[in-house]
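Shown here: upload-v3.txt, compact mmCIF, C-alpha atoms.
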```
# COMPACT_ATOMS: atom_id res chain seq x y z
CA MET A 645 110.37 37.32 79.79
CA ASP A 646 112.52 39.15 82.26
CA TYR A 647 110.62 42.36 82.55
CA SER A 648 112.94 43.75 85.21
CA ARG A 649 115.44 44.59 82.50
CA ARG A 650 113.06 46.86 80.71
CA GLY A 651 111.14 49.86 81.86
CA ILE A 652 111.76 49.47 85.56
CA GLN A 653 111.44 52.82 87.33
CA GLY A 654 112.66 52.88 90.87
CA ASN A 655 110.90 49.92 92.30
CA SER A 656 107.83 49.88 90.13
CA VAL A 657 106.89 48.89 86.68
CA SER A 658 104.48 51.02 84.77
CA GLY A 659 102.84 49.88 81.62
CA TYR A 660 99.51 51.39 82.42
CA VAL A 661 97.98 53.60 79.82
CA GLN A 662 95.54 56.16 81.07
CA GLY A 663 92.42 56.62 79.01
CA SER A 664 89.42 54.67 77.93
CA PRO A 665 88.77 51.36 79.70
CA PRO A 666 89.42 48.31 77.54
CA ASP A 667 86.32 47.00 75.84
CA GLN A 668 85.23 43.69 77.29
CA ASP A 669 85.58 41.62 74.15
CA GLY A 670 89.21 42.62 74.03
CA LEU A 671 89.88 41.11 77.43
CA VAL A 672 90.74 37.61 76.33
CA ASP A 673 93.34 38.84 73.90
CA GLU A 674 94.63 41.48 76.25
CA ASN A 675 98.34 41.83 76.91
CA THR A 676 99.65 39.82 79.81
CA ILE A 677 102.76 40.56 81.79
CA LEU A 678 104.67 37.83 83.56
CA VAL A 679 106.36 38.90 86.78
CA GLN A 680 108.98 36.33 87.65
CA ARG A 681 109.75 37.27 91.22
CA THR A 682 108.19 38.00 94.58
CA LEU A 683 106.86 41.52 95.03
CA ARG A 684 108.08 42.85 98.35
CA SER A 685 106.77 45.69 100.50
CA GLY A 686 107.00 49.00 98.61
CA GLN A 687 107.18 47.42 95.16
CA SER A 688 104.32 47.79 92.72
CA ILE A 689 103.15 46.67 89.32
CA ARG A 690 100.71 48.67 87.21
CA TYR A 691 99.80 47.19 83.89
CA ASN A 692 97.27 47.72 81.16
CA GLY A 693 96.29 44.07 80.75
CA ASN A 694 96.56 40.90 82.80
CA VAL A 695 99.24 40.33 85.42
CA VAL A 696 100.64 36.92 86.33
CA VAL A 697 103.03 36.82 89.28
CA LEU A 698 105.30 33.81 89.66
CA GLY A 699 106.00 34.39 93.34
CA ASP A 700 104.33 36.03 96.31
CA VAL A 701 102.83 39.48 96.68
CA ASN A 702 103.87 40.50 100.19
CA PRO A 703 102.10 42.90 102.54
CA GLY A 704 102.83 46.47 101.46
CA ALA A 705 103.17 45.54 97.76
CA GLU A 706 100.59 46.53 95.14
CA VAL A 707 99.38 45.00 91.91
CA THR A 708 97.08 47.03 89.66
CA ALA A 709 95.83 45.65 86.35
CA SER A 710 93.14 46.64 83.91
CA GLY A 711 92.55 42.90 83.41
CA ASN A 712 92.87 39.82 85.61
CA VAL A 713 95.48 39.20 88.29
CA ILE A 714 96.86 35.73 88.89
CA VAL A 715 99.35 35.07 91.67
CA MET A 716 101.15 31.74 91.64
CA GLY A 717 101.97 32.06 95.31
CA ALA A 718 100.66 33.87 98.35
CA LEU A 719 98.83 37.15 97.76
CA ARG A 720 99.14 39.18 100.98
CA GLY A 721 99.34 42.70 99.61
CA LEU A 722 96.94 45.04 97.84
CA VAL A 723 95.46 43.97 94.53
CA HIS A 724 93.27 45.80 92.04
CA ALA A 725 91.92 43.90 89.06
CA GLY A 726 89.80 45.52 86.36
CA ALA A 727 91.26 48.88 87.29
CA GLY A 728 89.81 50.41 84.12
CA GLY A 729 86.31 49.55 85.32
CA ASP A 730 85.98 45.99 84.04
CA GLU A 731 83.66 44.15 86.43
CA ASN A 732 84.43 40.80 84.78
CA ALA A 733 88.03 40.85 85.96
CA VAL A 734 89.06 38.20 88.48
CA VAL A 735 91.80 37.77 91.06
CA LEU A 736 93.21 34.31 91.52
CA ALA A 737 95.90 33.21 93.95
CA PHE A 738 97.25 30.00 95.43
CA ARG A 739 96.80 31.60 98.85
CA LEU A 740 94.44 34.52 98.70
CA ARG A 741 95.11 36.66 101.81
CA PRO A 742 95.10 40.24 100.48
CA THR A 743 95.31 43.28 102.75
CA GLN A 744 92.73 44.80 100.42
CA LEU A 745 91.15 43.49 97.27
CA ARG A 746 89.66 45.71 94.61
CA ILE A 747 87.84 44.75 91.44
CA ALA A 748 86.72 47.57 89.15
CA ASN A 749 85.23 50.13 91.58
CA HIS A 750 84.50 47.64 94.36
CA ILE A 751 86.81 47.78 97.37
CA THR A 752 86.85 44.97 99.92
CA ARG A 753 88.98 43.82 102.79
CA PRO A 754 89.03 40.58 104.76
CA PRO A 755 86.67 40.47 107.75
CA ASP A 756 88.36 41.72 110.91
CA ASN A 757 87.94 38.81 113.27
CA GLU A 758 87.72 35.89 110.93
CA GLU A 759 90.69 33.61 110.51
CA VAL A 760 90.01 31.73 107.28
CA ASP A 761 92.93 29.55 106.50
CA ALA A 762 91.86 27.64 103.44
CA ASP A 763 95.07 26.33 101.92
CA LEU A 764 93.84 26.05 98.36
CA PRO A 765 93.70 28.27 95.32
CA GLU A 766 90.87 30.77 95.51
CA MET A 767 89.32 33.18 93.06
CA ALA A 768 87.68 36.51 93.72
CA ARG A 769 85.19 38.04 91.28
CA ILE A 770 82.09 40.15 91.21
CA LYS A 771 78.94 38.10 91.46
CA ASP A 772 75.57 39.85 91.58
CA GLY A 773 77.30 43.13 92.34
CA VAL A 774 79.28 41.74 95.31
CA VAL A 775 82.89 40.61 95.46
CA THR A 776 82.81 36.88 96.21
CA ILE A 777 85.67 34.56 96.99
CA GLU A 778 85.40 30.88 96.22
CA ALA A 779 87.66 27.89 95.81
CA PHE A 780 89.11 27.87 92.33
CA GLN A 781 87.97 25.02 90.14
CA ALA A 782 89.78 24.41 86.90
CA GLY A 783 87.38 24.50 83.98
CA GLY A 784 84.76 26.35 86.00
CA GLU A 785 81.92 28.31 84.48
CA ARG A 786 83.71 31.35 83.16
CA GLN A 787 87.35 30.74 82.63
CA GLY A 788 89.32 32.90 80.31
CA ARG A 789 87.15 35.89 80.88
CA MET B 799 140.04 37.53 100.29
CA SER B 800 138.09 40.11 102.23
CA GLU B 801 134.38 40.69 102.55
CA VAL B 802 132.29 43.82 103.00
CA ILE B 803 129.09 43.07 104.90
CA VAL B 804 126.34 45.59 105.65
CA VAL B 805 124.05 45.04 108.63
CA THR B 806 120.67 46.61 107.94
CA SER B 807 116.99 46.38 108.91
CA GLY B 808 114.85 49.31 107.80
CA LYS B 809 113.20 49.67 111.18
CA GLY B 810 115.10 51.20 114.08
CA GLY B 811 115.76 49.54 117.39
CA VAL B 812 115.81 45.94 116.20
CA GLY B 813 119.48 45.40 117.05
CA LYS B 814 121.62 46.42 114.07
CA THR B 815 124.31 48.06 116.17
CA THR B 816 124.37 45.27 118.76
CA THR B 817 124.58 42.71 115.97
CA THR B 818 127.38 44.61 114.20
CA ALA B 819 129.37 44.87 117.44
CA ASN B 820 128.91 41.20 118.28
CA ILE B 821 129.64 39.78 114.84
CA GLY B 822 132.74 41.98 114.63
CA THR B 823 133.92 41.00 118.09
CA GLY B 824 133.18 37.35 117.36
CA LEU B 825 135.23 37.39 114.16
CA ALA B 826 138.09 39.28 115.81
CA ALA B 827 138.08 36.79 118.70
CA LYS B 828 138.70 34.09 116.13
CA GLY B 829 141.80 35.95 114.97
CA TYR B 830 140.49 37.78 111.93
CA LYS B 831 141.31 41.40 111.13
CA VAL B 832 138.00 43.23 111.33
CA VAL B 833 136.91 46.84 110.93
CA LEU B 834 133.47 48.08 111.97
CA VAL B 835 132.20 51.13 110.10
CA ASP B 836 129.49 53.22 111.74
CA ALA B 837 127.48 54.65 108.84
CA ASP B 838 124.87 56.23 111.09
CA ILE B 839 126.21 59.77 110.75
CA GLY B 840 124.60 62.16 113.21
CA LEU B 841 123.39 59.42 115.54
CA ARG B 842 126.54 57.53 116.30
CA ASN B 843 126.14 54.58 118.66
CA LEU B 844 128.56 51.85 117.71
CA ASP B 845 131.45 53.51 119.57
CA VAL B 846 129.33 53.63 122.74
CA VAL B 847 128.31 49.99 122.47
CA LEU B 848 131.98 49.03 122.06
CA GLY B 849 133.03 51.33 124.92
CA LEU B 850 135.36 53.36 122.67
CA GLU B 851 133.58 56.72 122.70
CA ASN B 852 136.32 58.54 124.64
CA ARG B 853 139.00 57.62 122.10
CA ILE B 854 137.46 59.28 119.06
CA VAL B 855 139.56 62.02 117.47
CA TYR B 856 138.68 61.79 113.77
CA ASP B 857 135.61 60.26 112.16
CA ILE B 858 134.33 58.93 108.84
CA VAL B 859 133.51 62.41 107.49
CA ASP B 860 137.04 63.60 108.28
CA VAL B 861 138.32 60.67 106.22
CA THR B 862 136.03 61.13 103.21
CA SER B 863 136.54 64.89 103.12
CA GLY B 864 140.31 64.54 103.39
CA ASN B 865 140.78 66.13 106.83
CA CYS B 866 142.81 63.16 107.99
CA ARG B 867 144.26 59.90 106.74
CA LEU B 868 142.21 56.73 107.12
CA ARG B 869 144.70 55.26 109.56
CA GLN B 870 144.32 58.23 111.90
CA ALA B 871 140.57 57.75 112.23
CA LEU B 872 140.66 54.02 112.97
CA ILE B 873 140.32 53.14 116.64
CA LYS B 874 141.74 49.91 117.98
CA ASP B 875 139.49 47.94 120.32
CA LYS B 876 140.56 47.79 123.95
CA ARG B 877 140.24 44.01 124.25
CA LEU B 878 140.87 42.46 120.85
CA ASP B 879 143.89 43.23 118.68
CA GLY B 880 142.18 42.45 115.38
CA LEU B 881 139.16 44.70 115.95
CA HIS B 882 139.00 48.29 114.72
CA LEU B 883 136.29 50.95 114.54
CA LEU B 884 135.75 53.73 112.06
CA PRO B 885 133.36 55.99 114.00
CA ALA B 886 130.55 58.08 112.52
CA ALA B 887 130.50 61.85 112.82
CA GLN B 888 128.09 63.20 115.39
CA THR B 889 127.89 66.85 114.37
CA LYS B 890 127.21 66.27 110.65
CA ASP B 891 124.35 64.57 108.83
CA LYS B 892 123.94 61.80 106.25
CA THR B 893 124.56 64.11 103.31
CA ALA B 894 128.16 64.67 104.47
CA VAL B 895 129.12 61.43 102.70
CA SER B 896 128.20 60.23 99.19
CA PRO B 897 127.73 56.64 97.99
CA ASP B 898 130.80 57.03 95.75
CA GLN B 899 132.94 58.07 98.71
CA MET B 900 131.66 55.07 100.68
CA ARG B 901 132.54 52.77 97.80
CA ASP B 902 136.10 54.14 97.69
CA LEU B 903 136.37 53.91 101.47
CA CYS B 904 135.32 50.25 101.47
CA GLU B 905 137.87 49.45 98.75
CA GLU B 906 140.54 51.13 100.85
CA LEU B 907 139.53 49.20 103.99
CA LYS B 908 139.44 45.89 102.10
CA LYS B 909 143.17 46.17 101.47
CA GLU B 910 143.88 46.03 105.15
CA PHE B 911 141.08 44.03 106.74
CA GLU B 912 139.56 40.61 106.17
CA PHE B 913 136.10 41.75 107.22
CA VAL B 914 134.57 45.19 106.78
CA ILE B 915 131.25 45.33 108.63
CA ILE B 916 129.02 48.35 108.11
CA ASP B 917 126.40 49.39 110.64
CA CYS B 918 123.56 50.83 108.56
CA PRO B 919 121.25 53.56 109.90
CA ALA B 920 117.50 52.97 110.11
CA GLY B 921 115.41 54.16 107.21
CA ILE B 922 115.68 53.86 103.43
CA GLU B 923 117.05 57.28 102.55
CA GLN B 924 120.56 58.49 101.84
CA GLY B 925 122.06 56.97 104.99
CA PHE B 926 120.90 53.56 103.81
CA ARG B 927 122.10 54.14 100.26
CA ASN B 928 125.51 55.23 101.58
CA ALA B 929 125.80 52.20 103.82
CA ILE B 930 125.03 49.66 101.08
CA ALA B 931 127.07 51.38 98.36
CA GLY B 932 130.32 49.56 99.07
CA ALA B 933 128.84 46.33 100.44
CA GLU B 934 129.11 42.92 98.80
CA LYS B 935 126.92 41.02 101.22
CA ALA B 936 123.99 41.99 103.41
CA VAL B 937 122.67 40.80 106.74
CA VAL B 938 119.09 41.83 107.52
CA VAL B 939 118.10 42.00 111.18
CA THR B 940 114.46 41.76 112.21
CA THR B 941 112.42 41.06 115.33
CA PRO B 942 109.25 38.96 115.52
CA GLU B 943 106.95 41.95 115.10
CA VAL B 944 104.83 42.63 112.03
CA SER B 945 106.21 46.13 111.60
CA ALA B 946 109.83 44.98 111.73
CA VAL B 947 109.14 42.13 109.30
CA ARG B 948 107.35 44.50 106.93
CA ASP B 949 110.33 46.85 106.94
CA ALA B 950 112.75 43.95 106.50
CA ASP B 951 110.75 42.92 103.43
CA ARG B 952 111.01 46.43 102.01
CA ILE B 953 114.75 46.46 102.68
CA ILE B 954 115.28 43.09 101.02
CA GLY B 955 113.48 44.43 97.95
CA LEU B 956 115.73 47.51 97.90
CA LEU B 957 118.85 45.37 98.39
CA GLU B 958 117.85 43.19 95.46
CA ALA B 959 117.25 46.29 93.34
CA ALA B 960 120.78 47.40 94.29
CA GLU B 961 122.15 44.03 93.11
CA LEU B 962 122.91 42.83 96.64
CA ARG B 963 121.53 39.34 96.13
CA GLU B 964 120.69 36.72 98.71
CA PRO B 965 120.75 38.69 101.93
CA LYS B 966 120.90 36.61 105.10
CA LEU B 967 118.40 37.00 107.91
CA ILE B 968 118.93 37.33 111.66
CA ILE B 969 115.84 37.14 113.87
CA ASN B 970 116.51 39.01 117.08
CA ARG B 971 114.75 39.10 120.44
CA ILE B 972 112.65 36.01 120.01
CA ARG B 973 110.85 34.63 123.08
CA PRO B 974 110.32 30.89 122.62
CA ARG B 975 107.66 30.72 125.31
CA MET B 976 105.53 33.41 123.68
CA VAL B 977 105.95 31.76 120.28
CA ARG B 978 104.79 28.47 121.74
CA GLN B 979 101.71 30.12 123.17
CA GLY B 980 100.96 31.67 119.78
CA ASP B 981 101.47 35.21 121.06
CA MET B 982 104.54 35.95 118.94
CA MET B 983 105.40 35.40 115.28
CA SER B 984 107.33 32.18 114.86
CA ILE B 985 110.50 31.71 112.85
CA GLU B 986 108.46 29.88 110.20
CA ASP B 987 105.98 32.77 109.93
CA ILE B 988 108.82 35.20 109.28
CA ILE B 989 110.64 32.97 106.80
CA ASP B 990 107.35 32.33 105.01
CA ILE B 991 107.02 36.03 104.22
CA LEU B 992 110.64 37.02 103.68
CA ALA B 993 111.80 33.87 101.85
CA VAL B 994 115.52 34.33 102.57
CA ASP B 995 118.15 32.14 104.23
CA LEU B 996 118.35 32.25 108.00
CA LEU B 997 121.73 33.19 109.45
CA GLY B 998 120.67 32.84 113.06
CA VAL B 999 118.15 33.46 115.80
CA ILE B 1000 118.94 35.39 118.97
CA PRO B 1001 116.73 34.90 122.01
CA GLU B 1002 115.61 37.85 124.13
CA ASP B 1003 118.24 38.05 126.87
CA GLU B 1004 118.99 40.43 129.73
CA MET B 1005 122.69 39.80 129.22
CA ILE B 1006 122.51 41.82 125.97
CA VAL B 1007 121.33 44.89 127.89
CA ILE B 1008 123.92 44.37 130.61
CA THR B 1009 126.89 43.89 128.28
CA THR B 1010 125.81 46.65 125.88
CA ASN B 1011 125.55 49.20 128.68
CA ARG B 1012 129.00 48.22 129.90
CA GLY B 1013 130.54 48.58 126.46
CA GLU B 1014 131.22 44.85 126.21
CA ALA B 1015 130.04 42.27 123.71
CA VAL B 1016 127.77 39.40 124.74
CA VAL B 1017 129.46 37.16 122.16
CA LEU B 1018 132.39 36.82 124.59
CA ASP B 1019 130.08 35.69 127.40
CA GLN B 1020 130.29 31.92 127.57
CA ASN B 1021 127.25 31.39 129.77
CA SER B 1022 124.41 33.16 127.98
CA LYS B 1023 122.24 31.82 125.17
CA SER B 1024 122.47 35.06 123.24
CA GLY B 1025 126.28 34.86 123.41
CA GLN B 1026 126.12 31.33 122.03
CA ALA B 1027 123.72 32.50 119.30
CA TYR B 1028 126.16 35.21 118.19
CA ARG B 1029 129.08 32.77 118.26
CA ASN B 1030 127.08 30.46 115.99
CA ILE B 1031 126.31 33.33 113.63
CA THR B 1032 130.01 34.21 113.51
CA ARG B 1033 130.87 30.65 112.54
CA ARG B 1034 128.16 30.61 109.85
CA ILE B 1035 129.64 33.80 108.38
CA LEU B 1036 132.90 31.84 108.13
CA ASN B 1037 130.92 29.25 106.12
CA GLU B 1038 130.96 26.64 108.87
CA ASP B 1039 127.93 24.41 109.04
CA VAL B 1040 126.48 25.02 112.51
CA PRO B 1041 123.14 23.53 113.51
CA MET B 1042 120.51 25.92 114.85
CA MET B 1043 120.65 26.23 118.61
CA ASN B 1044 118.00 24.77 120.87
CA LEU B 1045 116.40 27.86 122.34
CA GLU B 1046 114.63 25.99 125.10
CA ASP B 1047 114.94 22.69 126.84
CA GLU B 1048 111.77 21.06 125.52
CA GLY B 1049 111.96 19.33 122.17
CA GLY B 1050 108.87 20.68 120.39
CA PHE B 1051 110.28 23.99 119.30
CA PHE B 1052 113.55 22.54 118.13
CA LYS B 1053 111.85 20.03 115.88
CA ARG B 1054 110.00 22.79 114.06
CA PHE B 1055 113.25 24.67 113.89
CA LYS B 1056 115.02 21.82 112.17
CA LYS B 1057 112.28 21.70 109.60
CA ILE B 1058 113.18 25.21 108.47
CA ILE B 1059 116.85 24.39 108.20
CA GLY B 1060 115.94 21.32 106.19
CA LEU B 1061 114.13 23.54 103.71
CA LYS B 1062 117.28 25.40 102.77
```
What does the file become when written as structure tokens?
Amino acid sequence: MDYSRRGIQGNSVSGYVQGSPPDQDGLVDENTILVQRTLRSGQSIRYNGNVVVLGDVNPGAEVTASGNVIVMGALRGLVHAGAGGDENAVVLAFRLRPTQLRIANHITRPPDNEEVDADLPEMARIKDGVVTIEAFQAGGERQGR
Amino acid sequence: MSEVIVVTSGKGGVGKTTTTANIGTGLAAKGYKVVLVDADIGLRNLDVVLGLENRIVYDIVDVTSGNCRLRQALIKDKRLDGLHLLPAAQTKDKTAVSPDQMRDLCEELKKEFEFVIIDCPAGIEQGFRNAIAGAEKAVVVTTPEVSAVRDADRIIGLLEAAELREPKLIINRIRPRMVRQGDMMSIEDIIDILAVDLLGVIPEDEMIVITTNRGEAVVLDQNSKSGQAYRNITRRILNEDVPMMNLEDEGGFFKRFKKIIGLK
């Protein structure tokens, strides 16, 4: 799907519907948007559902989703998953290096003096009330949620 | 077959004007008919860098508003026959020209010149939109600083949105020794973020300052590395296959360099 031909406003796409947060059982079947390009500085995606980016999210770019965010590339910008308040939302990227990472109402940033350069896919999610980042394992405990 | 190329960067002070002057001079030195258009209305510089400031009678706003004919505003370079300048206005601002007028102007210039090179102002507002309106190709200049790379990324996004696909990248003012010590962003770091083709790399060089202040172009200086770098860029614009220059005498840096070129 080439979304850039529909509903592009300036440099951002908006499919986000204000209102009640999606109920959790609806998450699996939620709408998913496929972004087939790299998001550069100043570009943003807001979507009511899941977002999958086939490309990088560069510093200065923003991705906001009520569901999960998956980046098939390097995530260096700002990301907000579960923007409607869903604490089960996850962020997954081949190289997870966000400027800032938000899930539901939790806001985190990478530690200031730590240079973690794990070159493998990682997943961020809320675990016991804290945003945790771990290596992504296919078929792990709670996929699809 | 003529080309309209815009030289842009987003951030100021990274070397757009110097690059425009040198690419233009380089192409003209090879015998092509070239016109340089200064789109930085209100902050005109290109005429100063070329040493042509005292010859300006009419400017780009006079042309677009019909005060003079295009031919009257064009200034011939003092060294090269093929090189011409269309200067910016200094007493007006960016709103004095519209994107449509720029588009018409570029079409007009294309009839007479093989290369139309537009020096874009810094920023992403109307001056930028004017400068890219008539362009068919874009060259993005950046320096190895995070702020300049961030702005270049923004600009590349805006260029793509304006249907100017596949911009080419020039990395200016690189210091190989600092890169080797890990104190400066490397070419790979920059390409990793921007993901565009590299047109050339220009080392930090005092000769640029010297020639610019004299109103000359370093591209004509046979002894400096920056001059060589601009000559290589000129040849790449003419679709010649030129290997990336060795910026220092040791091999280590060059090997990494070749890796990037191999990726293309």
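For Asp700 (chain A), the list of residues within 6 Å, based on all atoms listed in the file and with local chain neighbours fewer than 4 positions off taken out, reads Thr682, Gly717, Ala718 and Leu719 of chain A.
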Taking (130.2, 43.7, 108.4) in the file's coordinates as the center, which residues reach within 6 Å of it, counting all atoms listed in the file, put as a PyMOL selection string? chain B and resi 802-804+914-916
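The nearest approach to Ala827 (chain B) among the residues B:Ala960, B:Ala1015, B:Ile969, B:Val939, with all atoms listed in the file taken into account, belongs to B:Ala1015.
Between CA of Leu883 (chain B) and CA of Glu961 (chain B) lies a distance of 26.6 Å.
CA of Ala819 (chain B) is found 7.3 Å from CA of Val847 (chain B).
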Could you give me, as CSV, a per-residue list for chain A showing, wherever an atom lies at most 6 Å from an atom of chain B, the closest pair of atoms and their distance in Å to one decimal, using only C-alpha atoms and sorting by chain then residue number from low to high?
```
residue,atom,partner,partner_atom,distance
A:Arg684,CA,B:Gly955,CA,5.6
A:Ser685,CA,B:Arg952,CA,4.6
A:Gly686,CA,B:Arg952,CA,5.9
```
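A straight line drawn from CA of Ile930 (chain B) to CA of Ile1031 (chain B) is 20.6 Å long.
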Pick from B:Lys814, B:His882, B:Arg867, B:Arg978: nearest to Val937 (chain B), with only C-alpha atoms counted? B:Lys814
Spatial neighbours of Asn694 (chain A), 7 Å, all atoms listed in the file, chain gap at least 6 places, as a PDB file with C-alpha atoms, in the frame of the given file:
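Output saved as selection01.pdb:
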```pdb
ATOM      1  CA  GLU A 674      94.630  41.480  76.250  1.00  0.00           C
ATOM      2  CA  ASN A 675      98.340  41.830  76.910  1.00  0.00           C
ATOM      3  CA  THR A 676      99.650  39.820  79.810  1.00  0.00           C
ATOM      4  CA  ILE A 677     102.760  40.560  81.790  1.00  0.00           C
ATOM      5  CA  ALA A 709      95.830  45.650  86.350  1.00  0.00           C
ATOM      6  CA  SER A 710      93.140  46.640  83.910  1.00  0.00           C
ATOM      7  CA  GLY A 711      92.550  42.900  83.410  1.00  0.00           C
ATOM      8  CA  ASN A 712      92.870  39.820  85.610  1.00  0.00           C
ATOM      9  CA  VAL A 713      95.480  39.200  88.290  1.00  0.00           C
TER      10      VAL A 713
END
```
Can you list, as a PyMOL selection string, every protein, DNA or RNA residue that comes within 9 Å of Ile972 (chain B) when you count all atoms listed in the file, leaving out same-chain residues fewer than 4 positions away? chain B and resi 941-942+976-977+982-985+999-1002
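Ranking A:Ala733, A:Ala768, A:Arg720, A:Leu678 by their shortest atom-to-atom distance to Val697 (chain A), with all atoms listed in the file included, puts A:Leu678 first.
By chain and then residue number, the residues within 8 Å of region 850-853 of chain B are B:Ile873, B:Asp875, B:Lys876, B:Gly1013, counting only C-alpha atoms and disregarding those fewer than 6 positions away in sequence.
Using only C-alpha atoms for every distance, the candidate list A:Val695, A:Met767, A:Ile689, A:Val707 yields A:Met767 as the residue closest to Val735 (chain A).
When all atoms listed in the file are used to measure the gap to Gly699 (chain A), the shortest distance among A:Ile714, A:Ile751, A:Leu764, A:Ala727 belongs to A:Ile714.
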Contacts of Gly829 (chain B) at 9 Å (only C-alpha atoms; same-chain gap of 4+ positions) as an NGL selection string: :B and (825 or 878-880)
Give the answer as one residue: which of A:Asn757, A:Thr776, A:Asn732, A:Gln680 has the shortest atom-to-atom distance to Val715 (chain A), using all atoms listed in the file? A:Gln680
Once N, CA and C atoms are restored for region 942-961 of chain B, what would the output be as a CSV table (one decimal), in the coordinates of the input?
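So rebuild.csv came out as:
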```csv
chain,number,residue,atom,x,y,z
B,942,PRO,N,110.5,39.6,115.9
B,942,PRO,CA,109.2,39.0,115.5
B,942,PRO,C,108.1,39.9,115.7
B,943,GLU,N,108.1,41.0,115.1
B,943,GLU,CA,107.0,42.0,115.1
B,943,GLU,C,106.6,42.3,113.7
B,944,VAL,N,105.3,42.4,113.4
B,944,VAL,CA,104.8,42.6,112.0
B,944,VAL,C,105.5,43.9,111.4
B,945,SER,N,105.6,44.9,112.2
B,945,SER,CA,106.2,46.1,111.6
B,945,SER,C,107.7,45.9,111.2
B,946,ALA,N,108.4,45.2,112.0
B,946,ALA,CA,109.8,45.0,111.7
B,946,ALA,C,110.0,44.1,110.5
B,947,VAL,N,109.1,43.1,110.4
B,947,VAL,CA,109.1,42.1,109.3
B,947,VAL,C,108.8,42.9,108.0
B,948,ARG,N,107.8,43.7,108.1
B,948,ARG,CA,107.4,44.5,106.9
B,948,ARG,C,108.5,45.3,106.4
B,949,ASP,N,109.2,46.0,107.3
B,949,ASP,CA,110.3,46.8,106.9
B,949,ASP,C,111.5,46.0,106.4
B,950,ALA,N,111.7,44.8,107.0
B,950,ALA,CA,112.8,44.0,106.5
B,950,ALA,C,112.4,43.5,105.1
B,951,ASP,N,111.2,43.3,104.8
B,951,ASP,CA,110.8,42.9,103.4
B,951,ASP,C,111.1,44.0,102.4
B,952,ARG,N,110.7,45.3,102.8
B,952,ARG,CA,111.0,46.4,102.0
B,952,ARG,C,112.5,46.5,101.7
B,953,ILE,N,113.3,46.4,102.8
B,953,ILE,CA,114.8,46.5,102.7
B,953,ILE,C,115.3,45.4,101.8
B,954,ILE,N,114.8,44.2,101.9
B,954,ILE,CA,115.3,43.1,101.0
B,954,ILE,C,115.0,43.4,99.6
B,955,GLY,N,113.8,44.0,99.3
B,955,GLY,CA,113.5,44.4,98.0
B,955,GLY,C,114.5,45.5,97.4
B,956,LEU,N,114.8,46.5,98.3
B,956,LEU,CA,115.7,47.5,97.9
B,956,LEU,C,117.1,47.0,97.7
B,957,LEU,N,117.5,46.0,98.5
B,957,LEU,CA,118.8,45.4,98.4
B,957,LEU,C,118.9,44.6,97.1
B,958,GLU,N,117.9,43.9,96.7
B,958,GLU,CA,117.8,43.2,95.5
B,958,GLU,C,117.9,44.2,94.3
B,959,ALA,N,117.2,45.3,94.4
B,959,ALA,CA,117.2,46.3,93.3
B,959,ALA,C,118.7,46.9,93.2
B,960,ALA,N,119.4,46.9,94.3
B,960,ALA,CA,120.8,47.4,94.3
B,960,ALA,C,121.8,46.3,94.0
B,961,GLU,N,121.3,45.2,93.5
B,961,GLU,CA,122.2,44.0,93.1
B,961,GLU,C,122.9,43.4,94.3
```
